[in-house]
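Take a look at the structure below.
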Amino acid sequence: MRESVRDRLLAGYDGTADRDGVSGKRLAERLAALASIGETEDGGVNRPGFSAEEKRAKEQVMTWMREAGLDVRMDGAGNVIGKLEGKTDVPAFAAGSHVDSVPNGGNFDGPLGVLSALEVVEAWKETGYVPPVPVEVIIFSEEEGSRFGAGIMGSQAMTGDLGRDALSVLSDSGGNSFEEVISAYGSSMDAFLEAARDPEEIGFYAEIHIEQGKLLEQAGLPAGIVKGIAGPAWLNALFHGTAGHAGNTPMIGRRDPLVAAGRFVHEVSSLPARFSDTAVATVGKLNVSPNGANVIPEQVALTVDIRDLDKEARDGLVRKVRETAERCAAEAGVEVELNLASSIDPVPVTDEVREELAQVFGQAGIRPMELMSGAGHDAMILGRNVPMAMIFVKSIGGISHNPAEWSDLDDCITAVHLLKRFAEKRMEKMAGHED
Ligand SMILES: [Zn+2]
C-alpha cells in the first residue's frame, strides 16, 4: 500500500460520513493499495491497458470482491465482473469503471469508480441489505486507450461493438498486434469477441468518476450529476499547396497551406459559441510537411476534435467547421481535403434518471448541479443500450491524467452514499416495486 496516499486521504477525513456500513478507511486503504501497483517516481501510476500492472490491479480487486461475497469472473476481454445475487433474477444493476491509466496518470481516474461501487456492496453486506435485483461491480479493460490509441475497449467488447476487423488493424507502440497482446494477457482474439453479452443481462449502469474539471470546485460542491456525455467527432483536414524556397519565392502568388491552416485554426476557436454553450472544438494535432525553416510547406494535416451534448448542435458545428476550412483554403489559393474520421453520438442521461439523482442529492443536502462530461467513459458505451447515471466527484484544481490528480476522501465517501441511495431506489423500480 502506498502510505502517503492513505495518510493524506485519512488526514483530511473526520469519519462523520462513516455510516450505513460505508467506511472511509477501507476506501482510502484500497485506493492506496491500487496506487502502489505500477507506481511512478513522482507519485502517479503507469498501468497501460492489457499490461501486467493493469492485470495485477484487477487481481487485487478480485480478491476484495471475493472477500465481499461476490461471484467473480474475468471475461475474454479481461473485464472483471463481480456479481451479487438479488432477490429476483431480472437484469442486473451494474456499476464500475476501469483500473488502467494513461502514462504517469493519477490515482483516482478509474479506481475511484470501481472501489466506490465495491464500497456500496460492502456497506450492504455489513447492514444485511439484500438488493431486489442482482448487482454487478465491473472493471472494464483498456478504457484510456494508452495501449492501442483506441480506448473504451472492454466496454465495447461487452456490448459487442468491437469486431474482428477493427481489432486486427491495431498495434501498440512496440509494434505488437492486438492478437499478440491479448494472447500475452492470457486470452485470445476469439475469447475477446465472446465477451459480448446478452443485452438483457444488464438493466442499468452507474459510474462514479472524478470530474477532471474545476466546475464543482468553483461551485463548492462535493459531487455533481452528469447530464450527458458529449460525443466526439474527429474531422481530418489536409491543406495542400505548393512548396518552394522561402528566400527565392516572392510573396505574391504563393500557395502556402500553413497560411490557410493558421487562419482556419484561429477561426475554429470562435465557432462553438454560436451553436451552444456546451459545444467545444479543438485543433490539438497539426503536422506541417516538409517542416523546414526555409521551406514554404507543401501540406498541412490537422485534426479538429468537435464535441457537444446535443447531436444536432454538434453536427451543425461540424458542417460549419467544414465550410470554414473550405473558405480559408480558397482565400489562400490552396486545396483542402476533409474527412470525418470518426463520429460518436452524444449519450444523454434521461430526464427520469436526472430527476432521481437530483432527489437523492437533495435528500443528502447537496445542491444538484448538472454537468456535461466532455470526456468519454465506459458509461458512454453502456449508455447506448441501457439507461445510465454518472456522478462526478470534485477534482482538486481540475487536475487529471497527472500524478497530482486528487479528490478528498470526504467527497469520495459522499459520492459512495449518493450512489448507494440512488441504486437502492433504482433497483426497487427495476424489480417492479415503485416506491
Ligand atoms: Zn476514467
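Chain lettering (A, B, ...) mirrors the order of the C-alpha cells, residue numbering begins at 1 for each chain separately, and ligand numbering begins at 1 in order of display.
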Using only C-alpha atoms and all ligand atoms, find each residue with an atom at most 9 Å away from ligand 1 and format the answer as a PDB file with N, CA and C atoms, in the first residue's frame.
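Printed below is part.pdb as written:
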```
ATOM      1  N   SER A  97     -16.030   0.969 -13.390  1.00  0.00           N
ATOM      2  CA  SER A  97     -15.164   1.897 -14.109  1.00  0.00           C
ATOM      3  C   SER A  97     -13.948   1.084 -14.561  1.00  0.00           C
ATOM      4  N   HIS A  98     -12.768   1.665 -14.536  1.00  0.00           N
ATOM      5  CA  HIS A  98     -11.582   0.991 -15.064  1.00  0.00           C
ATOM      6  C   HIS A  98     -10.412   1.151 -14.098  1.00  0.00           C
ATOM      7  N   VAL A  99      -9.371   0.331 -14.245  1.00  0.00           N
ATOM      8  CA  VAL A  99      -8.160   0.497 -13.418  1.00  0.00           C
ATOM      9  C   VAL A  99      -6.906   0.718 -14.266  1.00  0.00           C
ATOM     10  N   ASP A 100      -7.061   0.797 -15.590  1.00  0.00           N
ATOM     11  CA  ASP A 100      -5.901   1.145 -16.417  1.00  0.00           C
ATOM     12  C   ASP A 100      -5.700   2.652 -16.328  1.00  0.00           C
ATOM     13  N   SER A 101      -4.517   3.112 -16.738  1.00  0.00           N
ATOM     14  CA  SER A 101      -4.219   4.547 -16.622  1.00  0.00           C
ATOM     15  C   SER A 101      -3.524   5.038 -17.883  1.00  0.00           C
ATOM     16  N   PHE A 108      -6.934   8.343  -9.084  1.00  0.00           N
ATOM     17  CA  PHE A 108      -8.389   8.374  -8.885  1.00  0.00           C
ATOM     18  C   PHE A 108      -9.185   8.082 -10.159  1.00  0.00           C
ATOM     19  N   ASP A 109      -8.650   8.466 -11.311  1.00  0.00           N
ATOM     20  CA  ASP A 109      -9.342   8.289 -12.592  1.00  0.00           C
ATOM     21  C   ASP A 109      -9.491   6.794 -12.861  1.00  0.00           C
ATOM     22  N   GLY A 110     -10.688   6.264 -12.658  1.00  0.00           N
ATOM     23  CA  GLY A 110     -10.933   4.838 -12.833  1.00  0.00           C
ATOM     24  C   GLY A 110     -11.077   4.112 -11.503  1.00  0.00           C
ATOM     25  N   PRO A 111      -9.964   3.973 -10.744  1.00  0.00           N
ATOM     26  CA  PRO A 111     -10.066   3.233  -9.472  1.00  0.00           C
ATOM     27  C   PRO A 111     -11.187   3.737  -8.560  1.00  0.00           C
ATOM     28  N   GLY A 113     -14.115   4.833  -9.309  1.00  0.00           N
ATOM     29  CA  GLY A 113     -15.411   4.300  -9.740  1.00  0.00           C
ATOM     30  C   GLY A 113     -15.583   2.840  -9.378  1.00  0.00           C
ATOM     31  N   GLU A 143      -9.608   1.332 -20.855  1.00  0.00           N
ATOM     32  CA  GLU A 143     -10.526   2.452 -21.097  1.00  0.00           C
ATOM     33  C   GLU A 143      -9.797   3.639 -21.707  1.00  0.00           C
ATOM     34  N   GLU A 144      -8.545   3.848 -21.262  1.00  0.00           N
ATOM     35  CA  GLU A 144      -7.851   5.093 -21.601  1.00  0.00           C
ATOM     36  C   GLU A 144      -7.312   5.137 -23.027  1.00  0.00           C
ATOM     37  N   HIS A 209     -17.058   8.942 -11.136  1.00  0.00           N
ATOM     38  CA  HIS A 209     -15.778   9.298 -11.772  1.00  0.00           C
ATOM     39  C   HIS A 209     -15.380  10.677 -11.274  1.00  0.00           C
ATOM     40  N   ILE A 210     -14.094  10.945 -11.229  1.00  0.00           N
ATOM     41  CA  ILE A 210     -13.670  12.306 -10.899  1.00  0.00           C
ATOM     42  C   ILE A 210     -14.076  13.237 -12.041  1.00  0.00           C
ATOM     43  N   ALA A 375     -15.379  14.300 -21.626  1.00  0.00           N
ATOM     44  CA  ALA A 375     -14.550  13.125 -21.889  1.00  0.00           C
ATOM     45  C   ALA A 375     -15.428  11.897 -22.051  1.00  0.00           C
ATOM     46  N   GLY A 376     -14.966  10.936 -22.813  1.00  0.00           N
ATOM     47  CA  GLY A 376     -15.687   9.672 -22.970  1.00  0.00           C
ATOM     48  C   GLY A 376     -15.453   8.781 -21.767  1.00  0.00           C
ATOM     49  N   HIS A 377     -16.403   7.916 -21.461  1.00  0.00           N
ATOM     50  CA  HIS A 377     -16.263   6.975 -20.346  1.00  0.00           C
ATOM     51  C   HIS A 377     -16.928   5.662 -20.757  1.00  0.00           C
ATOM     52  N   ASP A 378     -16.693   4.609 -19.969  1.00  0.00           N
ATOM     53  CA  ASP A 378     -17.376   3.347 -20.255  1.00  0.00           C
ATOM     54  C   ASP A 378     -18.895   3.539 -20.247  1.00  0.00           C
ATOM     55  N   HIS A 401      -5.210  13.019 -15.303  1.00  0.00           N
ATOM     56  CA  HIS A 401      -4.213  12.408 -16.182  1.00  0.00           C
ATOM     57  C   HIS A 401      -2.822  12.914 -15.806  1.00  0.00           C
TER      58      HIS A 401
END
```
Surrounding residues of Met390 (chain A) excluding itself and chain neighbours under 6 positions, 8 Å, only C-alpha atoms, as a PDB file with C-alpha atoms, in the first residue's frame:
```pdb
ATOM      1  CA  ALA A 206     -23.932   3.685 -12.975  1.00  0.00           C
ATOM      2  CA  GLU A 207     -20.423   5.128 -12.701  1.00  0.00           C
ATOM      3  CA  ILE A 208     -18.692   7.390 -10.218  1.00  0.00           C
ATOM      4  CA  HIS A 209     -15.778   9.298 -11.772  1.00  0.00           C
ATOM      5  CA  ILE A 225     -24.855  14.995 -11.722  1.00  0.00           C
ATOM      6  CA  VAL A 226     -23.676  14.240 -15.244  1.00  0.00           C
ATOM      7  CA  ALA A 379     -20.822   4.758 -19.364  1.00  0.00           C
TER       8      ALA A 379
END
```
Taking only residues of region 180-229 of chain A that have an atom at most 10 Å from an atom of region 122-137 of chain A, what is each one's shortest atom pair and its distance in Å to one decimal, using only C-alpha atoms, in chain and number order, as JSON lines?
```
{"residue": "A:Glu201", "atom": "CA", "partner": "A:Pro134", "partner_atom": "CA", "distance": 9.6}
{"residue": "A:Ile202", "atom": "CA", "partner": "A:Glu136", "partner_atom": "CA", "distance": 8.6}
{"residue": "A:Gly203", "atom": "CA", "partner": "A:Val133", "partner_atom": "CA", "distance": 9.7}
{"residue": "A:Phe204", "atom": "CA", "partner": "A:Val135", "partner_atom": "CA", "distance": 9.7}
{"residue": "A:Tyr205", "atom": "CA", "partner": "A:Glu136", "partner_atom": "CA", "distance": 9.2}
{"residue": "A:Ala206", "atom": "CA", "partner": "A:Val137", "partner_atom": "CA", "distance": 9.8}
```
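Every protein or nucleic acid residue with an atom no more than 7 Å from Ala279 (chain A), counting only C-alpha atoms and leaving out same-chain residues fewer than 3 positions away, appears here: Pro272, Ala273, Phe275, Ser276, Arg307, Asp308 and Arg314 of chain A.
The neighbours of Met158 (chain A) here are the residues that come within 9 Å of it, using only C-alpha atoms and leaving out any residue fewer than 6 positions away in the same chain; they are Asp75, Ala77, Asn79, Phe140, Phe192, Leu193, Glu194, Ala195, Ala196, Arg197, Asp198 and Leu382 of chain A.
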### Message
For Asn46 (chain A), find every residue with an atom within 6 Å (counting only C-alpha atoms), except residues of its own chain fewer than 2 positions away, and show them as a PyMOL selection string.
### Response
chain A and resi 38+103-104
Next, the residues of the selection above should be written as a PDB file, in the first residue's frame with N, CA, C and O atoms.
```pdb
ATOM      1  N   GLY A  38       2.207  -0.327 -10.136  1.00  0.00           N
ATOM      2  CA  GLY A  38       2.651   0.455 -11.297  1.00  0.00           C
ATOM      3  C   GLY A  38       3.014   1.875 -10.920  1.00  0.00           C
ATOM      4  O   GLY A  38       2.956   2.783 -11.744  1.00  0.00           O
ATOM      5  N   PRO A 103      -0.147   7.058 -19.362  1.00  0.00           N
ATOM      6  CA  PRO A 103       1.224   7.043 -18.851  1.00  0.00           C
ATOM      7  C   PRO A 103       1.403   8.098 -17.752  1.00  0.00           C
ATOM      8  O   PRO A 103       1.002   9.250 -17.943  1.00  0.00           O
ATOM      9  N   ASN A 104       1.959   7.675 -16.620  1.00  0.00           N
ATOM     10  CA  ASN A 104       2.126   8.559 -15.465  1.00  0.00           C
ATOM     11  C   ASN A 104       0.822   9.278 -15.115  1.00  0.00           C
ATOM     12  O   ASN A 104       0.780  10.496 -14.957  1.00  0.00           O
TER      13      ASN A 104
END
```
#### Entry: Residue neighbourhood region 22-31 of chain A, 7 Å, only C-alpha atoms, exclusion window fewer than 2 positions, as number ranges by chain
A: 6, 9-10, 15, 18-20, 33-35, 111, 115, 119-120, 123, 409, 413
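Reported to one decimal place, the separation of CA of Ala68 (chain A) from CA of Val121 (chain A) is 7.5 Å.
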### Task
For each of A:Arg263, A:Met153, A:Glu356, A:Gly175, take the minimum atom-to-atom distance to Met427 (chain A), counting only C-alpha atoms, then give the residue where this is smallest.
A:Glu356
### Query
Could you write out, as a VMD selection string, all the residues of region 204-345 of chain A that DSSP marks as alpha helix (DSSP H)?
chain A and resid 215 to 219 257 to 268 311 to 331
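Among the candidate residues A:Ala415, A:Ala281, A:Met1, A:Val347, the one lying nearest to Ile381 (chain A) is A:Val347, with distances computed using only C-alpha atoms.
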List the neighbours of Val288 (chain A) out to 9 Å using only C-alpha atoms; skip same-chain residues closer than 4 positions along the sequence, and give me the result as a short mmCIF file (atom, residue, chain, number, x, y, z; two decimals) with N, CA, C and O atoms, in the first residue's frame.
```
data_model
loop_
_atom_site.label_atom_id
_atom_site.label_comp_id
_atom_site.auth_asym_id
_atom_site.auth_seq_id
_atom_site.Cartn_x
_atom_site.Cartn_y
_atom_site.Cartn_z
N PRO A 257 -0.08 26.39 -47.66
CA PRO A 257 -1.17 25.73 -46.92
C PRO A 257 -1.16 26.08 -45.42
O PRO A 257 -2.20 25.99 -44.76
N LEU A 258 0.00 26.49 -44.90
CA LEU A 258 0.04 26.82 -43.47
C LEU A 258 -0.63 28.17 -43.19
O LEU A 258 -1.19 28.39 -42.12
N GLY A 292 10.36 22.46 -42.81
CA GLY A 292 11.71 23.02 -42.82
C GLY A 292 11.65 24.53 -42.62
O GLY A 292 10.72 25.18 -43.10
N PRO A 297 5.65 25.37 -46.87
CA PRO A 297 5.13 24.00 -46.74
C PRO A 297 4.38 23.53 -47.99
O PRO A 297 3.77 24.33 -48.69
N GLU A 298 4.43 22.22 -48.19
CA GLU A 298 3.68 21.59 -49.27
C GLU A 298 2.28 21.24 -48.76
O GLU A 298 1.28 21.45 -49.44
N GLN A 299 2.24 20.69 -47.55
CA GLN A 299 0.91 20.38 -46.99
C GLN A 299 0.89 20.45 -45.46
O GLN A 299 1.91 20.34 -44.80
N VAL A 300 -0.34 20.64 -44.96
CA VAL A 300 -0.56 20.67 -43.51
C VAL A 300 -1.73 19.75 -43.21
O VAL A 300 -2.81 19.89 -43.78
N ALA A 301 -1.49 18.77 -42.34
CA ALA A 301 -2.56 17.86 -41.93
C ALA A 301 -2.92 18.16 -40.49
O ALA A 301 -2.05 18.30 -39.64
N LEU A 302 -4.20 18.31 -40.21
CA LEU A 302 -4.61 18.57 -38.83
C LEU A 302 -5.92 17.86 -38.54
O LEU A 302 -6.62 17.41 -39.45
#
```
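The shortest atom-to-atom distance to Ser270 (chain A), with only C-alpha atoms taken into account, belongs to A:Lys320 out of A:Lys227, A:Lys320, A:Arg8, A:Lys429.
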